[in-house]
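One file, protein.tsv, carrying TSV, C-alpha atoms:
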chain	number	residue	atom	x	y	z
B	1	MET	CA	-112.74	-78.35	124.91
B	2	VAL	CA	-109.45	-76.55	124.35
B	3	SER	CA	-109.02	-75.33	120.77
B	4	ASN	CA	-106.34	-76.89	118.56
B	5	GLN	CA	-104.73	-73.47	118.17
B	6	ILE	CA	-104.27	-73.09	121.93
B	7	LEU	CA	-102.82	-76.61	122.18
B	8	GLN	CA	-100.38	-75.85	119.37
B	9	GLN	CA	-99.28	-72.59	121.01
B	10	THR	CA	-98.84	-74.39	124.35
B	11	ILE	CA	-96.57	-77.17	123.13
B	12	GLU	CA	-94.59	-74.75	120.93
B	13	GLY	CA	-93.94	-72.63	124.00
B	14	ILE	CA	-92.78	-75.66	125.97
B	15	LYS	CA	-90.52	-76.76	123.12
B	16	ASN	CA	-88.94	-73.30	122.92
B	17	ILE	CA	-87.96	-73.66	126.59
B	18	SER	CA	-87.04	-77.35	126.72
B	19	ARG	CA	-85.88	-78.04	123.12
B	20	VAL	CA	-87.93	-81.24	123.25
B	21	ASP	CA	-90.52	-82.07	120.57
B	22	LEU	CA	-94.08	-82.79	121.62
B	23	CYS	CA	-97.23	-84.12	119.99
B	24	VAL	CA	-100.85	-84.13	121.16
B	25	THR	CA	-103.39	-86.62	119.79
B	26	ASP	CA	-106.94	-87.59	120.61
B	27	ALA	CA	-107.84	-90.97	122.08
B	28	GLU	CA	-107.99	-92.49	118.58
B	29	GLY	CA	-104.47	-91.42	117.67
B	30	LYS	CA	-105.38	-88.49	115.41
B	31	THR	CA	-102.78	-85.71	115.69
B	32	ILE	CA	-104.22	-82.45	117.04
B	33	ALA	CA	-101.05	-80.43	117.60
B	34	SER	CA	-97.38	-81.16	117.04
B	35	THR	CA	-93.94	-79.54	116.97
B	36	ILE	CA	-92.45	-82.41	114.98
B	37	ILE	CA	-91.62	-81.37	111.43
B	38	SER	CA	-91.54	-84.90	110.03
B	39	SER	CA	-94.96	-86.47	109.54
B	40	SER	CA	-94.73	-89.10	112.28
B	41	ASN	CA	-97.74	-91.34	112.74
B	42	TYR	CA	-98.30	-92.43	116.33
B	43	GLN	CA	-101.74	-93.95	115.86
B	44	ALA	CA	-100.74	-97.58	116.44
B	45	GLU	CA	-98.72	-96.70	119.55
B	46	VAL	CA	-101.50	-94.47	120.90
B	47	LEU	CA	-104.14	-97.20	120.50
B	48	GLU	CA	-101.81	-99.61	122.29
B	49	PHE	CA	-101.26	-97.07	125.09
B	50	VAL	CA	-105.01	-96.36	125.43
B	51	LYS	CA	-105.64	-100.03	126.21
B	52	SER	CA	-102.99	-99.95	128.91
B	53	PRO	CA	-104.08	-99.16	132.51
B	54	ALA	CA	-100.98	-96.95	132.96
B	55	ASP	CA	-101.26	-93.13	132.96
B	56	SER	CA	-97.78	-92.80	131.45
B	57	GLN	CA	-95.63	-95.20	129.51
B	58	GLU	CA	-92.49	-95.42	127.35
B	59	ILE	CA	-93.15	-96.80	123.88
B	60	GLN	CA	-90.45	-97.02	121.18
B	61	ASN	CA	-88.18	-94.39	122.73
B	62	SER	CA	-91.04	-91.88	123.32
B	63	GLN	CA	-92.89	-90.95	126.48
B	64	TYR	CA	-96.71	-91.18	126.44
B	65	PHE	CA	-99.09	-89.47	128.92
B	66	LYS	CA	-102.86	-89.63	129.31
B	67	ILE	CA	-105.06	-86.60	130.02
B	68	PHE	CA	-108.57	-87.15	131.37
B	69	ASP	CA	-111.65	-84.95	131.53
B	70	GLU	CA	-113.93	-86.28	134.30
B	71	GLN	CA	-112.83	-89.90	133.84
B	72	ASN	CA	-113.02	-89.61	130.04
B	73	LEU	CA	-109.75	-89.93	128.14
B	74	GLU	CA	-109.40	-86.64	126.24
B	75	TYR	CA	-105.80	-86.34	124.98
B	76	ILE	CA	-102.55	-88.23	124.66
B	77	VAL	CA	-99.33	-86.23	125.05
B	78	ILE	CA	-96.28	-87.70	123.35
B	79	CYS	CA	-92.75	-86.56	124.17
B	80	ALA	CA	-90.71	-87.61	121.15
B	81	SER	CA	-87.59	-88.38	123.13
B	82	ASN	CA	-86.38	-90.64	125.92
B	83	GLY	CA	-84.63	-90.20	129.24
B	84	ASP	CA	-85.33	-88.36	132.49
B	85	ASN	CA	-85.46	-84.92	130.85
B	86	ALA	CA	-87.99	-86.09	128.27
B	87	TYR	CA	-90.16	-87.63	130.99
B	88	LEU	CA	-90.06	-84.41	133.01
B	89	VAL	CA	-90.93	-82.24	129.99
B	90	GLY	CA	-93.75	-84.57	128.97
B	91	LYS	CA	-95.11	-84.58	132.50
B	92	MET	CA	-95.06	-80.77	132.59
B	93	ALA	CA	-96.78	-80.56	129.19
B	94	ALA	CA	-99.45	-83.02	130.34
B	95	PHE	CA	-100.03	-81.00	133.52
B	96	GLN	CA	-100.33	-77.75	131.54
B	97	ILE	CA	-102.83	-79.21	129.07
B	98	GLN	CA	-104.79	-80.81	131.92
B	99	SER	CA	-105.04	-77.38	133.59
B	100	LEU	CA	-106.17	-75.80	130.31
B	101	THR	CA	-108.82	-78.49	129.91
B	102	VAL	CA	-110.23	-77.80	133.38
B	103	ALA	CA	-110.14	-74.01	132.87
B	104	TYR	CA	-111.85	-74.12	129.47
B	105	LYS	CA	-114.48	-76.54	130.72
B	106	GLU	CA	-115.25	-74.24	133.65
B	107	ARG	CA	-115.51	-71.28	131.29
B	108	PHE	CA	-117.80	-73.26	128.98
B	109	ASP	CA	-119.94	-74.30	131.94
B	110	LYS	CA	-120.13	-70.70	133.16
B	111	ASP	CA	-121.17	-69.47	129.71
B	112	ASN	CA	-123.93	-72.06	129.52
B	113	PHE	CA	-125.07	-71.24	133.05
B	114	ILE	CA	-125.17	-67.51	132.32
B	115	LYS	CA	-127.14	-68.00	129.09
B	116	ASN	CA	-129.69	-70.28	130.74
B	117	LEU	CA	-129.92	-67.91	133.71
B	118	LEU	CA	-130.69	-64.95	131.43
B	119	LEU	CA	-133.28	-66.89	129.45
B	120	ASP	CA	-135.07	-68.23	132.57
B	121	ASN	CA	-134.28	-71.81	131.64
B	122	LEU	CA	-133.32	-72.85	135.17
B	123	LEU	CA	-135.28	-73.79	138.26
B	124	LEU	CA	-134.48	-71.82	141.40
B	125	VAL	CA	-132.80	-74.80	143.04
B	126	ASP	CA	-130.64	-75.32	139.93
B	127	ILE	CA	-129.59	-71.66	139.90
B	128	TYR	CA	-128.22	-71.88	143.44
B	129	GLY	CA	-126.69	-75.31	142.82
B	130	TYR	CA	-124.83	-74.33	139.64
B	131	ALA	CA	-123.73	-70.99	141.09
B	132	LYS	CA	-122.14	-72.67	144.10
B	133	ARG	CA	-120.45	-75.32	141.98
B	134	LEU	CA	-119.03	-72.66	139.63
B	135	HIS	CA	-117.96	-70.44	142.56
B	136	ILE	CA	-120.29	-67.60	141.59
B	137	SER	CA	-121.45	-65.34	144.41
B	138	LEU	CA	-125.17	-65.62	145.13
B	139	ASP	CA	-125.86	-62.21	146.64
B	140	ALA	CA	-123.56	-59.71	144.92
B	141	SER	CA	-125.04	-56.51	143.45
B	142	ARG	CA	-125.24	-56.91	139.69
B	143	VAL	CA	-126.67	-55.13	136.66
B	144	VAL	CA	-127.07	-56.38	133.09
B	145	LEU	CA	-125.79	-54.28	130.18
B	146	LEU	CA	-126.60	-54.93	126.53
B	147	VAL	CA	-124.30	-53.81	123.74
B	148	ASP	CA	-126.17	-53.52	120.43
B	149	SER	CA	-123.71	-54.98	117.90
B	150	SER	CA	-126.20	-55.21	115.01
B	151	LYS	CA	-124.53	-52.32	113.17
B	152	CYS	CA	-121.04	-53.81	113.38
B	153	MET	CA	-121.66	-57.46	112.55
B	154	GLU	CA	-118.34	-57.65	110.69
B	155	LEU	CA	-116.46	-57.10	113.97
B	156	ASP	CA	-115.92	-59.64	116.73
B	157	CYS	CA	-117.71	-57.45	119.26
B	158	LEU	CA	-117.86	-60.23	121.84
B	159	SER	CA	-114.06	-60.53	121.95
B	160	ILE	CA	-113.60	-56.75	122.02
B	161	VAL	CA	-116.03	-56.33	124.93
B	162	ARG	CA	-114.46	-59.27	126.77
B	163	GLU	CA	-111.07	-57.64	126.48
B	164	VAL	CA	-112.42	-54.35	127.85
B	165	MET	CA	-114.18	-56.03	130.78
B	166	ASN	CA	-111.36	-58.45	131.52
B	167	SER	CA	-110.07	-56.37	134.45
B	168	ASN	CA	-112.83	-57.59	136.77
B	169	LYS	CA	-112.99	-61.37	137.15
B	170	HIS	CA	-116.46	-61.09	138.70
B	171	ASP	CA	-118.01	-59.66	135.50
B	172	PHE	CA	-119.42	-62.04	132.89
B	173	VAL	CA	-119.53	-61.34	129.16
B	174	SER	CA	-121.54	-63.55	126.84
B	175	ALA	CA	-123.86	-63.49	123.80
B	176	VAL	CA	-127.38	-64.86	123.84
B	177	ASP	CA	-127.96	-63.94	120.19
B	178	GLU	CA	-125.90	-62.59	117.30
B	179	LYS	CA	-127.14	-59.00	117.66
B	180	ASN	CA	-126.28	-58.24	121.28
B	181	VAL	CA	-123.39	-58.73	123.67
B	182	VAL	CA	-124.52	-59.29	127.27
B	183	ILE	CA	-122.53	-58.08	130.27
B	184	ILE	CA	-123.40	-59.04	133.82
B	185	LYS	CA	-121.49	-56.46	135.81
B	186	GLU	CA	-120.88	-56.68	139.52
B	187	ILE	CA	-121.36	-53.28	141.15
B	188	GLN	CA	-118.86	-52.45	143.88
B	189	GLU	CA	-119.94	-48.99	145.10
B	190	ASP	CA	-121.49	-46.40	142.76
B	191	LEU	CA	-123.82	-47.77	140.06
B	192	ASP	CA	-123.90	-44.63	137.89
B	193	LYS	CA	-120.13	-44.05	137.92
B	194	GLU	CA	-119.27	-47.69	137.22
B	195	ILE	CA	-121.82	-47.98	134.40
B	196	GLU	CA	-120.59	-44.70	132.89
B	197	ALA	CA	-116.95	-45.82	133.02
B	198	ALA	CA	-117.67	-49.28	131.56
B	199	SER	CA	-119.89	-47.88	128.78
B	200	ALA	CA	-117.31	-45.24	127.82
B	201	SER	CA	-114.54	-47.86	127.64
B	202	ILE	CA	-116.65	-50.20	125.49
B	203	LEU	CA	-117.76	-47.47	123.08
B	204	GLU	CA	-114.18	-46.19	122.77
B	205	ALA	CA	-112.81	-49.68	122.06
B	206	LEU	CA	-115.47	-50.37	119.42
B	207	ALA	CA	-114.98	-46.94	117.83
B	208	LYS	CA	-111.26	-47.66	117.42
B	209	GLU	CA	-112.26	-50.74	115.40
B	210	GLY	CA	-114.48	-48.61	113.17
B	211	ALA	CA	-117.86	-49.41	114.76
B	212	GLU	CA	-120.49	-46.67	114.47
B	213	GLY	CA	-123.96	-46.27	115.89
B	214	VAL	CA	-123.39	-48.71	118.76
B	215	ARG	CA	-125.85	-48.29	121.64
B	216	ILE	CA	-125.71	-49.62	125.19
B	217	SER	CA	-128.63	-50.19	127.55
B	218	TYR	CA	-128.84	-51.46	131.10
B	219	GLY	CA	-131.47	-52.66	133.55
B	220	THR	CA	-131.87	-52.05	137.26
B	221	CYS	CA	-129.38	-53.27	139.85
B	222	VAL	CA	-130.32	-56.58	141.53
B	223	SER	CA	-128.91	-58.05	144.73
B	224	GLU	CA	-129.56	-61.77	144.14
B	225	ILE	CA	-128.38	-63.93	141.27
B	226	LYS	CA	-131.90	-65.28	140.65
B	227	ASP	CA	-133.00	-61.74	139.66
B	228	VAL	CA	-130.34	-61.27	136.97
B	229	SER	CA	-132.82	-62.39	134.29
B	230	ARG	CA	-135.12	-59.51	135.29
B	231	SER	CA	-132.32	-56.99	134.80
B	232	TYR	CA	-131.62	-58.60	131.41
B	233	LYS	CA	-135.25	-58.22	130.30
B	234	GLU	CA	-135.20	-54.60	131.44
B	235	ALA	CA	-132.01	-53.96	129.45
B	236	LYS	CA	-133.63	-55.51	126.36
B	237	MET	CA	-136.65	-53.26	126.71
B	238	ALA	CA	-134.41	-50.24	127.26
B	239	LEU	CA	-132.51	-51.05	124.06
B	240	ASP	CA	-135.73	-51.28	122.03
B	241	VAL	CA	-137.47	-48.29	123.59
B	242	GLY	CA	-134.27	-46.24	123.42
B	243	GLY	CA	-134.01	-46.99	119.70
B	244	ILE	CA	-137.53	-45.62	119.18
B	245	PHE	CA	-137.69	-42.56	121.41
B	246	PHE	CA	-134.07	-41.75	122.33
B	247	GLU	CA	-132.17	-42.29	119.10
B	248	GLU	CA	-129.61	-39.61	119.92
B	249	ARG	CA	-128.46	-41.33	123.13
B	250	GLU	CA	-125.63	-43.86	123.13
B	251	VAL	CA	-126.38	-45.15	126.63
B	252	ILE	CA	-129.89	-45.58	127.99
B	253	ALA	CA	-131.12	-46.95	131.32
B	254	TYR	CA	-134.37	-48.79	131.93
B	255	SER	CA	-135.13	-46.32	134.73
B	256	GLU	CA	-134.99	-43.41	132.23
B	257	LEU	CA	-137.58	-44.66	129.72
B	258	GLY	CA	-140.49	-42.73	131.21
B	259	ILE	CA	-143.73	-42.87	129.27
B	260	GLY	CA	-141.94	-44.60	126.41
B	261	ARG	CA	-141.95	-47.78	128.54
B	262	LEU	CA	-145.74	-47.67	128.73
B	263	ILE	CA	-146.29	-46.93	125.04
B	264	TYR	CA	-143.96	-49.79	124.07
B	265	GLN	CA	-146.27	-52.26	125.79
B	266	LEU	CA	-149.47	-51.06	124.09
B	267	PRO	CA	-151.13	-53.37	121.52
B	268	ILE	CA	-151.06	-52.00	117.98
B	269	PRO	CA	-154.89	-52.09	117.48
B	270	LEU	CA	-155.29	-49.87	120.57
B	271	CYS	CA	-152.65	-47.49	119.22
B	272	LYS	CA	-154.44	-47.20	115.88
B	273	MET	CA	-157.72	-46.49	117.62
B	274	PHE	CA	-156.08	-43.78	119.72
B	275	ILE	CA	-154.41	-42.09	116.74
B	276	LYS	CA	-157.63	-42.14	114.74
B	277	GLU	CA	-159.44	-40.55	117.68
B	278	ILE	CA	-156.83	-37.79	118.12
B	279	PHE	CA	-155.95	-36.91	114.53
B	280	HIS	CA	-159.23	-37.84	112.80
B	281	GLY	CA	-157.49	-39.63	109.94
B	282	ILE	CA	-154.71	-37.05	109.56
B	283	ASN	CA	-151.16	-38.45	109.45
B	284	PRO	CA	-148.87	-36.30	111.65
B	285	GLU	CA	-145.96	-37.23	109.38
B	286	ASP	CA	-147.65	-35.28	106.58
B	287	PHE	CA	-147.16	-31.97	108.41
B	288	ASP	CA	-144.84	-29.61	106.53
B	289	GLU	CA	-141.28	-29.09	107.79
B	290	ASP	CA	-141.99	-25.69	109.37
B	291	THR	CA	-144.88	-27.15	111.38
B	292	ILE	CA	-142.80	-30.08	112.63
B	293	ILE	CA	-139.91	-27.80	113.66
B	294	THR	CA	-142.36	-25.48	115.38
B	295	ILE	CA	-143.97	-28.29	117.38
B	296	LYS	CA	-140.60	-29.70	118.43
B	297	LYS	CA	-139.22	-26.34	119.53
B	298	PHE	CA	-142.47	-25.39	121.29
B	299	PHE	CA	-142.29	-28.55	123.40
B	300	GLU	CA	-138.58	-28.01	124.10
B	301	ASN	CA	-139.39	-24.57	125.52
B	302	SER	CA	-142.20	-25.82	127.78
B	303	LEU	CA	-144.97	-24.20	125.68
B	304	ASN	CA	-143.39	-20.74	125.99
B	305	VAL	CA	-144.53	-18.73	122.96
B	306	SER	CA	-142.06	-15.86	123.37
B	307	GLU	CA	-138.97	-18.05	123.82
B	308	THR	CA	-139.99	-20.37	120.98
B	309	SER	CA	-140.48	-17.51	118.51
B	310	ARG	CA	-137.12	-16.04	119.57
B	311	GLN	CA	-135.27	-19.32	118.98
B	312	LEU	CA	-137.01	-19.87	115.66
B	313	PHE	CA	-136.21	-16.27	114.57
B	314	ILE	CA	-139.83	-15.64	113.66
B	315	HIS	CA	-142.37	-13.04	114.77
B	316	ARG	CA	-144.61	-14.02	117.69
B	317	ASN	CA	-147.69	-13.62	115.46
B	318	THR	CA	-146.18	-16.07	112.95
B	319	LEU	CA	-145.82	-18.67	115.68
B	320	VAL	CA	-149.39	-18.03	116.87
B	321	TYR	CA	-150.58	-18.46	113.28
B	322	ARG	CA	-148.82	-21.84	113.04
B	323	LEU	CA	-150.29	-23.00	116.35
B	324	ASP	CA	-153.76	-21.91	115.22
B	325	LYS	CA	-153.24	-23.87	112.01
B	326	ILE	CA	-152.37	-27.01	114.01
B	327	GLN	CA	-155.44	-26.49	116.19
B	328	LYS	CA	-157.67	-26.15	113.16
B	329	SER	CA	-156.44	-29.41	111.59
B	330	THR	CA	-156.27	-31.52	114.74
B	331	GLY	CA	-158.59	-29.85	117.23
B	332	LEU	CA	-155.73	-29.61	119.74
B	333	ASP	CA	-154.46	-26.26	121.04
B	334	LEU	CA	-150.81	-26.82	121.95
B	335	ARG	CA	-150.89	-23.73	124.19
B	336	VAL	CA	-153.21	-25.66	126.51
B	337	PHE	CA	-151.26	-28.05	128.72
B	338	GLU	CA	-153.72	-30.95	128.47
B	339	ASP	CA	-153.90	-30.72	124.67
B	340	ALA	CA	-150.10	-30.44	124.47
B	341	ILE	CA	-149.66	-33.61	126.54
B	342	THR	CA	-152.18	-35.46	124.37
B	343	PHE	CA	-150.43	-34.30	121.20
B	344	ARG	CA	-146.99	-35.26	122.55
B	345	ILE	CA	-148.15	-38.75	123.50
B	346	ALA	CA	-149.86	-39.17	120.13
B	347	LEU	CA	-146.61	-38.34	118.31
B	348	MET	CA	-144.77	-40.94	120.40
B	349	VAL	CA	-147.45	-43.53	119.61
B	350	VAL	CA	-147.10	-42.80	115.90
B	351	LYS	CA	-143.34	-43.25	116.18
B	352	TYR	CA	-143.83	-46.55	118.01
B	353	MET	CA	-146.28	-47.83	115.38
B	354	LYS	CA	-143.85	-46.92	112.61
B	355	TYR	CA	-141.08	-48.82	114.39
B	356	MET	CA	-143.27	-51.89	114.83
B	357	GLU	CA	-144.01	-51.91	111.09
B	358	THR	CA	-140.31	-52.06	110.25
B	359	ILE	CA	-139.08	-54.76	112.63
B	360	GLU	CA	-138.91	-58.36	111.56
B	361	TYR	CA	-141.07	-60.81	113.40
Would you put the structure from the file into structure tokens?
Amino acid sequence: MVSNQILQQTIEGIKNISRVDLCVTDAEGKTIASTIISSSNYQAEVLEFVKSPADSQEIQNSQYFKIFDEQNLEYIVICASNGDNAYLVGKMAAFQIQSLTVAYKERFDKDNFIKNLLLDNLLLVDIYGYAKRLHISLDASRVVLLVDSSKCMELDCLSIVREVMNSNKHDFVSAVDEKNVVIIKEIQEDLDKEIEAASASILEALAKEGAEGVRISYGTCVSEIKDVSRSYKEAKMALDVGGIFFEEREVIAYSELGIGRLIYQLPIPLCKMFIKEIFHGINPEDFDEDTIITIKKFFENSLNVSETSRQLFIHRNTLVYRLDKIQKSTGLDLRVFEDAITFRIALMVVKYMKYMETIEY
């Protein structure tokens, strides 16, 4: 249904052009929008007109017009004047509001279709049926992006993102929940370039409104509309996994999650068993700051002792001492590739477990 604000703006625009006052009521005669300053009450006349089989009628020197939405009487447009000019203006106003009603209904239907499509609430036959009826292409290349708006709840992120993505009529922007804005983007040629451009525009627009810490994720590109829900699920996982293991990245793809994707799907009891087996009851978070920095830098330099000691501005023997200390407490020698991989995975599992303890179920 068209909002009262849009109806008011529409008839005010028509009045500014025609200099003719207009009023819009519902089928029960309640005024929805009006340009008439005096508090005229048309309820009795509207109820009389509703009973009439005519689509337009002159009643007490005013022109009345009916507007239907799929055989249901939705609005009555009243042109508070008489004569040919008043009839013409009223007819134009009725046509404009009728067009708005159809357009808003189609948009509402598309939003509902998109939400149900993403949530797997539709049968395959219904997906194809609704898509054809709403003139949505069945086999275009599409990818789902998720904009995490949880850190800027005070902003109307949905409207901001819609404005940014408005240039392509084939893209759909919606919201399945209050924390994320969903974009179904149609890919024309180059996936990476188009995703990069869209993400940059969205982040820039939100930053101008004062939003900070916004992250964007996206799934894999699909070629059929029935697979859009899969891309959506991938984008959701990418947003969660990215928040755990790739906090520094503003944009993260499902295809870039690596081993984090596997760890994210592990049951917590199995994780606890693994950590107990690796660290023998030691909490890796209890390591002192120098040890943590050493481990991080050692991994960044592909287990290269010389390069790590140079970047840390410490003597090689000091680094060896720290690595020996880690080996003594955990039983893992980070200079050995297999032990280093085990240690790295264990740290990621610990991070995942910590994240799972903080989220709300």
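Among B:Val164, B:Ile259, B:Val181, B:Ile67, the residue with the shortest atom-to-atom distance to Phe245 in chain B, counting all atoms listed in the file, is B:Ile259.
Comparing B:Ser255, B:Asn85, B:Gln43, B:Ser223 by their smallest distance to Lys30 in chain B, the closest is B:Gln43 (using all atoms listed in the file).
Residues lying within 7 Å of range 117-134 of chain B, counting only C-alpha atoms and ignoring same-chain neighbours fewer than 2 positions away, are Lys110, Phe113, Ile114, Lys115, Ile136, Ser137, Leu138, Lys226, Val228, Ser229 and Tyr232 of chain B.
With only C-alpha atoms as the atoms that count, the minimum distance from Pro53 in chain B to the choices B:Gly213, B:Lys66, B:Ala94, B:Phe337 is reached by B:Lys66.
Nearest-residue note for Phe279 in chain B: choosing from B:Gln188, B:Thr308, B:Ser141, B:Gln327, the minimum distance belongs to B:Gln327, counting all atoms listed in the file.
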Using only C-alpha atoms, can you tell me which of B:Glu250, B:Glu307, B:Asp339, B:Asp111 comes closest to Ala200 in chain B? B:Glu250
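Here CA of Leu312 in chain B and CA of Ile275 in chain B stand 28.2 Å from one another.
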For a test of reading the model, state the distance in Å between CA of Asn304 in chain B and CA of Val350 in chain B, rounded to one decimal.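 For CA of Asn304 in chain B relative to CA of Val350 in chain B, the distance reads 24.5 Å.
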For CA of Val222 in chain B and CA of Glu189 in chain B, determine how far apart the two atoms are, in Å to one decimal place. 13.3 Å
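Nearest residue to Lys236 in chain B among B:Asn283, B:Gln98, B:Ser217, B:Thr358 is B:Ser217, counting only C-alpha atoms.
Taking all atoms listed in the file, the non-local environment of Ile11 in chain B within 7 Å (same-chain residues fewer than 3 positions away omitted) comprises Leu7, Gln8, Ile14, Lys15, Leu22 and Ala93 of chain B.
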Contacts of Leu334 in chain B at 12 Å or less, counting all atoms listed in the file, minus same-chain residues fewer than 6 places along, as a PyMOL selection string? chain B and resi 294-299+302-305+319-320+322-328+340-344
Write out as JSON, numbers by chain which residues come within 12 Å of Thr101 in chain B when counting only C-alpha atoms, dropping same-chain ones fewer than 5 positions away. {"B": [1, 2, 3, 4, 6, 7, 67, 68, 69, 70, 72, 73, 74, 75, 94, 95, 96, 106, 107, 108]}
Spatial neighbours of Lys185 in chain B, 10 Å, only C-alpha atoms, chain gap at least 2 places, as a ChimeraX atom specification: /B:140-145,165,168-173,182-183,187-188,191,194-195,198,221
Create the file for the chosen residues now, containing C-alpha atoms and written as a PDB file, in the coordinates of the input.
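Listed below is the output, result.pdb:
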ATOM      1  CA  ALA B 140    -123.560 -59.710 144.920  1.00  0.00           C
ATOM      2  CA  SER B 141    -125.040 -56.510 143.450  1.00  0.00           C
ATOM      3  CA  ARG B 142    -125.240 -56.910 139.690  1.00  0.00           C
ATOM      4  CA  VAL B 143    -126.670 -55.130 136.660  1.00  0.00           C
ATOM      5  CA  VAL B 144    -127.070 -56.380 133.090  1.00  0.00           C
ATOM      6  CA  LEU B 145    -125.790 -54.280 130.180  1.00  0.00           C
ATOM      7  CA  MET B 165    -114.180 -56.030 130.780  1.00  0.00           C
ATOM      8  CA  ASN B 168    -112.830 -57.590 136.770  1.00  0.00           C
ATOM      9  CA  LYS B 169    -112.990 -61.370 137.150  1.00  0.00           C
ATOM     10  CA  HIS B 170    -116.460 -61.090 138.700  1.00  0.00           C
ATOM     11  CA  ASP B 171    -118.010 -59.660 135.500  1.00  0.00           C
ATOM     12  CA  PHE B 172    -119.420 -62.040 132.890  1.00  0.00           C
ATOM     13  CA  VAL B 173    -119.530 -61.340 129.160  1.00  0.00           C
ATOM     14  CA  VAL B 182    -124.520 -59.290 127.270  1.00  0.00           C
ATOM     15  CA  ILE B 183    -122.530 -58.080 130.270  1.00  0.00           C
ATOM     16  CA  ILE B 187    -121.360 -53.280 141.150  1.00  0.00           C
ATOM     17  CA  GLN B 188    -118.860 -52.450 143.880  1.00  0.00           C
ATOM     18  CA  LEU B 191    -123.820 -47.770 140.060  1.00  0.00           C
ATOM     19  CA  GLU B 194    -119.270 -47.690 137.220  1.00  0.00           C
ATOM     20  CA  ILE B 195    -121.820 -47.980 134.400  1.00  0.00           C
ATOM     21  CA  ALA B 198    -117.670 -49.280 131.560  1.00  0.00           C
ATOM     22  CA  CYS B 221    -129.380 -53.270 139.850  1.00  0.00           C
TER      23      CYS B 221
END
Produce range 169-180 of chain B of the given structure as output with N, CA, C and O atoms, as an mmCIF file, in the first residue's frame.
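Printed below is out35.cif as written:
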data_model
loop_
_atom_site.group_PDB
_atom_site.id
_atom_site.type_symbol
_atom_site.label_atom_id
_atom_site.label_comp_id
_atom_site.auth_asym_id
_atom_site.auth_seq_id
_atom_site.Cartn_x
_atom_site.Cartn_y
_atom_site.Cartn_z
ATOM 1 N N LYS B 169 18.633 -1.631 -11.968
ATOM 2 C CA LYS B 169 17.269 -2.080 -11.645
ATOM 3 C C LYS B 169 17.178 -3.593 -11.458
ATOM 4 O O LYS B 169 16.166 -4.102 -10.960
ATOM 5 N N HIS B 170 18.217 -4.320 -11.861
ATOM 6 C CA HIS B 170 18.203 -5.776 -11.716
ATOM 7 C C HIS B 170 18.727 -6.237 -10.349
ATOM 8 O O HIS B 170 18.664 -7.423 -10.041
ATOM 9 N N ASP B 171 19.278 -5.320 -9.548
ATOM 10 C CA ASP B 171 19.744 -5.658 -8.203
ATOM 11 C C ASP B 171 18.595 -5.516 -7.217
ATOM 12 O O ASP B 171 17.757 -4.621 -7.344
ATOM 13 N N PHE B 172 18.574 -6.381 -6.205
ATOM 14 C CA PHE B 172 17.530 -6.326 -5.186
ATOM 15 C C PHE B 172 18.173 -6.073 -3.823
ATOM 16 O O PHE B 172 19.168 -6.705 -3.475
ATOM 17 N N VAL B 173 17.598 -5.152 -3.073
ATOM 18 C CA VAL B 173 18.088 -4.832 -1.733
ATOM 19 C C VAL B 173 16.950 -5.048 -0.751
ATOM 20 O O VAL B 173 15.849 -4.519 -0.936
ATOM 21 N N SER B 174 17.197 -5.831 0.281
ATOM 22 C CA SER B 174 16.154 -6.124 1.253
ATOM 23 C C SER B 174 16.795 -6.341 2.615
ATOM 24 O O SER B 174 18.009 -6.178 2.786
ATOM 25 N N ALA B 175 15.986 -6.721 3.605
ATOM 26 C CA ALA B 175 16.490 -7.008 4.956
ATOM 27 C C ALA B 175 15.702 -8.175 5.524
ATOM 28 O O ALA B 175 14.484 -8.088 5.695
ATOM 29 N N VAL B 176 16.388 -9.262 5.769
ATOM 30 C CA VAL B 176 15.744 -10.446 6.351
ATOM 31 C C VAL B 176 15.644 -10.306 7.866
ATOM 32 O O VAL B 176 14.714 -10.782 8.492
ATOM 33 N N ASP B 177 16.621 -9.635 8.469
ATOM 34 C CA ASP B 177 16.595 -9.368 9.905
ATOM 35 C C ASP B 177 17.108 -7.958 10.139
ATOM 36 O O ASP B 177 17.509 -7.259 9.213
ATOM 37 N N GLU B 178 17.101 -7.530 11.398
ATOM 38 C CA GLU B 178 17.446 -6.143 11.713
ATOM 39 C C GLU B 178 18.954 -5.895 11.739
ATOM 40 O O GLU B 178 19.384 -4.739 11.803
ATOM 41 N N LYS B 179 19.763 -6.941 11.653
ATOM 42 C CA LYS B 179 21.208 -6.780 11.760
ATOM 43 C C LYS B 179 21.928 -6.735 10.421
ATOM 44 O O LYS B 179 23.076 -6.296 10.362
ATOM 45 N N ASN B 180 21.280 -7.195 9.363
ATOM 46 C CA ASN B 180 21.961 -7.288 8.073
ATOM 47 C C ASN B 180 21.095 -6.774 6.939
ATOM 48 O O ASN B 180 19.881 -7.010 6.920
#
